[in-house]
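The next block holds one structure in the form of structure tokens; read it before the comments.
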Amino acid sequence: MLLRRIAGLLVTGGLAAAAILIPTTPAVAAVTSGAVFNNPTVASQQYAIVEHVQRLIQGAAPGSTIRVAMFHFSLTRVSTDLAAAYDRGVNVRVVVDSQSRAYSAVTGLIGKLGTTRTNDSWVTVCTTDRACIGNLNTPIMHNKFFLFSDTLGSTNVLVQSSANLTNDNAERYWNNAVTLVGNTAVYNSYVAYHGDLAAQVKNNDYYRTVSSGNAKSYFFPRAGTTQDTDTIYNMLNENITCEGNTSTGTETGRTIIRIGMWHFSRNPIATKLRELADKKCWVDIVYTESDVDVPNILSGHSRIKLYRISGDYIVHSKYLLIEGTYDGQKDTKWVMTGSHNYSNAALRENDEALLRVQSATIHDQYRSNFWALRAAAVPVS
């Protein structure tokens with residue numbers, strides 16, 4: 001109608017002395033590397049991670065590919081966006097754990113995309129009572145990540161989150177998500193892993209890593225029975241020096257280790273943290289679940305502070321922050337985050353992904369979130 005009116009005015013000369021105002025498309029904010037956090041205690045911040053993912057789905061270019069790996073997927077607001085992306089020509093490939101099979105969000109996507117992996121779009125549901133790859137004991141496909149080949153003008157966009165796509169994960173659980181843009185090698189390692197999840201070839205020693213630029217990916221399960229095959233233990237044991245910093249860490253240059261963790265039950269990690277505290281590192285931990293031993297190992301040390309969030313709200317994040325000396329590099333800042341709890345199942349049984357990022361900016365975003373977790377927690381004596 002507007003175009004018809006303008007054409008009519010041009011024909012009659014009605015616009016001869018008037019300026020023609022042509023509406024412009026609103027500028028779209030670029031995708032940038034960085035972290036997003038929800039706050040379950042503030043209504044306006046509960047769905048921050050979900051909204052971030054929705055924006056990327058809505059911005060996916062026709063002909064591009066979206067890949068999703070998700071443990072619990074019940075949010076129809078996200079499945080609706082994925083279906084709409086498919087309708088405009090985006091390839092949509094989703095892997096979910098068998099526990100999500102009956103959710104309407106998943107059944108709706110299966111009805112839309114089908115399950116045939118020779119097609120460009122599909123949904124794969126992991127083996128019942130098993131992970132897609134892990135096959136030891138009672139594993140789960142515990143991943144929570146998103147891959148966008150082209151969205152909002154950016155290519156090779158990776159979002160690694162701790163959050164499932166459920167209302168509880170927004171409204172009751174503290175979660176995080178980190179976005180990396182343009183790290184092609186790490187992005188492609190996730191693409192390959194997603195393909196292996198979908199292929200469902202069982203492998204109880206799947207463990208592999210890819211390092212590029214400021215990031216490194218780790219994929220599980222990892223076989224073994226000793227602490228030297230515990231990835232987190234090795235990170236702490238082989239890479240951390242507690243003193244000698246000049247611009248990071250404590251005022252006296254000591255390295256600070258901060259952990260936000262849903263479930264912490266691997267005793268070698270706790271023992272190593274105490275050893276590092278003995279060497280003058282500072283250790284700050286907020287958690288929700290643990291076995292009996294971990295708090296006992298960590299308690300009673302002047303440089304270790306324990307806090308717990310439980311009840312109506314929990315910490316569901318799984319991250320490790322290093323501020324100080326890591327891998328021989330002084331005055332650096334690191335984030336290790338993903339779906340990987342500090343439990344035996346996460347290490348030995350489940351399909352899990354862990355992402356390590358060296359970035360002062362991203363670390364400081366996580367550090368601010370950690371302080372919010374700590375403020376919401378109760379000290380453990």
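Naming scheme: A, B, ... for chains in displayed order of the structure tokens; residues 1 onward per chain; ligands 1 onward as shown.
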Next on the checklist: Need to verify the contact set: Asn164 of chain A, 12 Å, only C-alpha atoms, exclusion of same-chain residues closer than 2 positions in sequence. Can you return it as a count of residues only?
Outcome noted: 41
Near Thr225 of chain A, counting only C-alpha atoms, which residues have an atom at most 12 Å away, once you skip same-chain residues fewer than 5 positions from it, shown as a tab-separated table (two decimals) with C-alpha atoms, in the first residue's frame?
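Okay, part-v3.tsv is ready:
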chain	number	residue	atom	x	y	z
A	205	ASP	CA	37.41	-44.29	25.48
A	230	ASP	CA	41.52	-37.36	35.11
A	266	ARG	CA	36.25	-36.67	42.47
A	268	PRO	CA	41.82	-36.51	43.57
A	344	ASN	CA	33.15	-40.02	37.92
A	345	ALA	CA	30.22	-40.38	35.52
A	347	LEU	CA	34.72	-38.37	33.25
A	348	ARG	CA	34.28	-42.09	32.54
A	349	GLU	CA	30.73	-42.70	31.31
Checklist entry - Which one of A:Lys333, A:Arg130, A:Arg374, A:His52 sits closest to Ser359 of chain A if you count only C-alpha atoms? => result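 Of all the options, A:Lys333 lies closest to Ser359 of chain A.
Coordinates place atom CA of Asp129 of chain A at a distance of 16.6 Å from atom CA of Ala199 of chain A.
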Checklist entry - Can you list, as a PyMOL selection string, every protein, DNA or RNA residue that comes within 10 Å of Thr124 of chain A when you count only C-alpha atoms, leaving out same-chain residues fewer than 2 positions away? => result chain A and resi 69+93-98+101+106+110+114-117+122+126-127+132+197-200
If DSSP is run on the backbone, what residues of segment 96-282 of chain A are helix (DSSP H, G or I)? A reply as a PDB file with C-alpha atoms, in the first residue's frame would be ideal.
ATOM      1  CA  SER A  98      16.722 -40.520  25.297  1.00  0.00           C
ATOM      2  CA  GLN A  99      15.280 -38.818  28.400  1.00  0.00           C
ATOM      3  CA  SER A 100      14.056 -36.037  26.085  1.00  0.00           C
ATOM      4  CA  SER A 104       6.660 -32.115  22.967  1.00  0.00           C
ATOM      5  CA  ALA A 105       9.539 -29.864  21.906  1.00  0.00           C
ATOM      6  CA  VAL A 106      11.364 -32.938  20.609  1.00  0.00           C
ATOM      7  CA  THR A 107       8.387 -34.835  19.176  1.00  0.00           C
ATOM      8  CA  GLY A 108       7.392 -31.676  17.314  1.00  0.00           C
ATOM      9  CA  LEU A 109      10.868 -31.350  15.814  1.00  0.00           C
ATOM     10  CA  ILE A 110      10.902 -35.016  14.842  1.00  0.00           C
ATOM     11  CA  GLY A 111       7.597 -34.485  13.070  1.00  0.00           C
ATOM     12  CA  LYS A 112       9.078 -31.493  11.263  1.00  0.00           C
ATOM     13  CA  LEU A 113      12.628 -32.640  10.508  1.00  0.00           C
ATOM     14  CA  ASN A 167      12.158 -23.903  32.542  1.00  0.00           C
ATOM     15  CA  ASP A 168      13.891 -25.075  35.726  1.00  0.00           C
ATOM     16  CA  ASN A 169      17.302 -24.407  34.202  1.00  0.00           C
ATOM     17  CA  ALA A 170      16.244 -20.790  33.744  1.00  0.00           C
ATOM     18  CA  GLU A 171      14.041 -20.197  36.791  1.00  0.00           C
ATOM     19  CA  THR A 184      37.515 -22.591  12.949  1.00  0.00           C
ATOM     20  CA  ALA A 185      39.539 -25.522  14.313  1.00  0.00           C
ATOM     21  CA  VAL A 186      37.729 -25.686  17.652  1.00  0.00           C
ATOM     22  CA  TYR A 187      34.370 -25.120  15.955  1.00  0.00           C
ATOM     23  CA  ASN A 188      35.107 -27.972  13.549  1.00  0.00           C
ATOM     24  CA  SER A 189      36.099 -30.242  16.436  1.00  0.00           C
ATOM     25  CA  TYR A 190      32.594 -29.722  17.834  1.00  0.00           C
ATOM     26  CA  VAL A 191      31.096 -30.374  14.382  1.00  0.00           C
ATOM     27  CA  ALA A 192      32.961 -33.700  14.219  1.00  0.00           C
ATOM     28  CA  TYR A 193      31.898 -34.578  17.757  1.00  0.00           C
ATOM     29  CA  HIS A 194      28.281 -33.753  16.935  1.00  0.00           C
ATOM     30  CA  GLY A 195      28.502 -36.078  13.954  1.00  0.00           C
ATOM     31  CA  ASP A 196      29.910 -38.846  16.141  1.00  0.00           C
ATOM     32  CA  LEU A 197      27.115 -38.356  18.664  1.00  0.00           C
ATOM     33  CA  ALA A 198      24.559 -38.694  15.881  1.00  0.00           C
ATOM     34  CA  ALA A 199      26.278 -41.813  14.500  1.00  0.00           C
ATOM     35  CA  GLN A 227      44.106 -39.780  38.677  1.00  0.00           C
ATOM     36  CA  ASP A 228      46.587 -39.351  35.825  1.00  0.00           C
ATOM     37  CA  THR A 229      43.697 -39.976  33.404  1.00  0.00           C
ATOM     38  CA  THR A 231      41.551 -34.305  32.839  1.00  0.00           C
ATOM     39  CA  ILE A 232      40.745 -31.759  35.550  1.00  0.00           C
ATOM     40  CA  TYR A 233      43.271 -33.257  37.969  1.00  0.00           C
ATOM     41  CA  ASN A 234      45.939 -32.998  35.272  1.00  0.00           C
ATOM     42  CA  MET A 235      45.046 -29.371  34.556  1.00  0.00           C
ATOM     43  CA  LEU A 236      45.641 -28.562  38.213  1.00  0.00           C
ATOM     44  CA  ASN A 237      48.623 -30.842  38.732  1.00  0.00           C
ATOM     45  CA  GLU A 238      50.604 -30.041  35.595  1.00  0.00           C
ATOM     46  CA  ASN A 239      49.854 -26.407  34.886  1.00  0.00           C
ATOM     47  CA  ASN A 267      38.532 -36.883  45.503  1.00  0.00           C
ATOM     48  CA  PRO A 268      41.822 -36.512  43.573  1.00  0.00           C
ATOM     49  CA  ILE A 269      40.707 -33.071  42.404  1.00  0.00           C
ATOM     50  CA  ALA A 270      39.902 -32.035  45.978  1.00  0.00           C
ATOM     51  CA  THR A 271      43.234 -33.401  47.226  1.00  0.00           C
ATOM     52  CA  LYS A 272      45.147 -31.528  44.526  1.00  0.00           C
ATOM     53  CA  LEU A 273      43.307 -28.286  45.362  1.00  0.00           C
ATOM     54  CA  ARG A 274      44.377 -28.643  48.987  1.00  0.00           C
ATOM     55  CA  GLU A 275      47.971 -29.282  47.900  1.00  0.00           C
ATOM     56  CA  LEU A 276      47.866 -26.105  45.808  1.00  0.00           C
ATOM     57  CA  ALA A 277      46.505 -24.185  48.791  1.00  0.00           C
ATOM     58  CA  ASP A 278      49.477 -25.509  50.774  1.00  0.00           C
TER      59      ASP A 278
END
Item to check | strand (DSSP E or B) residues, from DSSP on the backbone, in segment 20-203 of chain A, as a ChimeraX atom specification | outcome: /A:34-37,60,65-70,73,91-96,122-125,141,144-151,154-161,165,173-174,176-181
Next on the checklist: Taking only C-alpha atoms into account, name the residue in A:Val378, A:Val31, A:Leu147, A:Val292 that is nearest to Arg308 of chain A.
Outcome noted: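 Closest residue, counting only C-alpha atoms: A:Val378.
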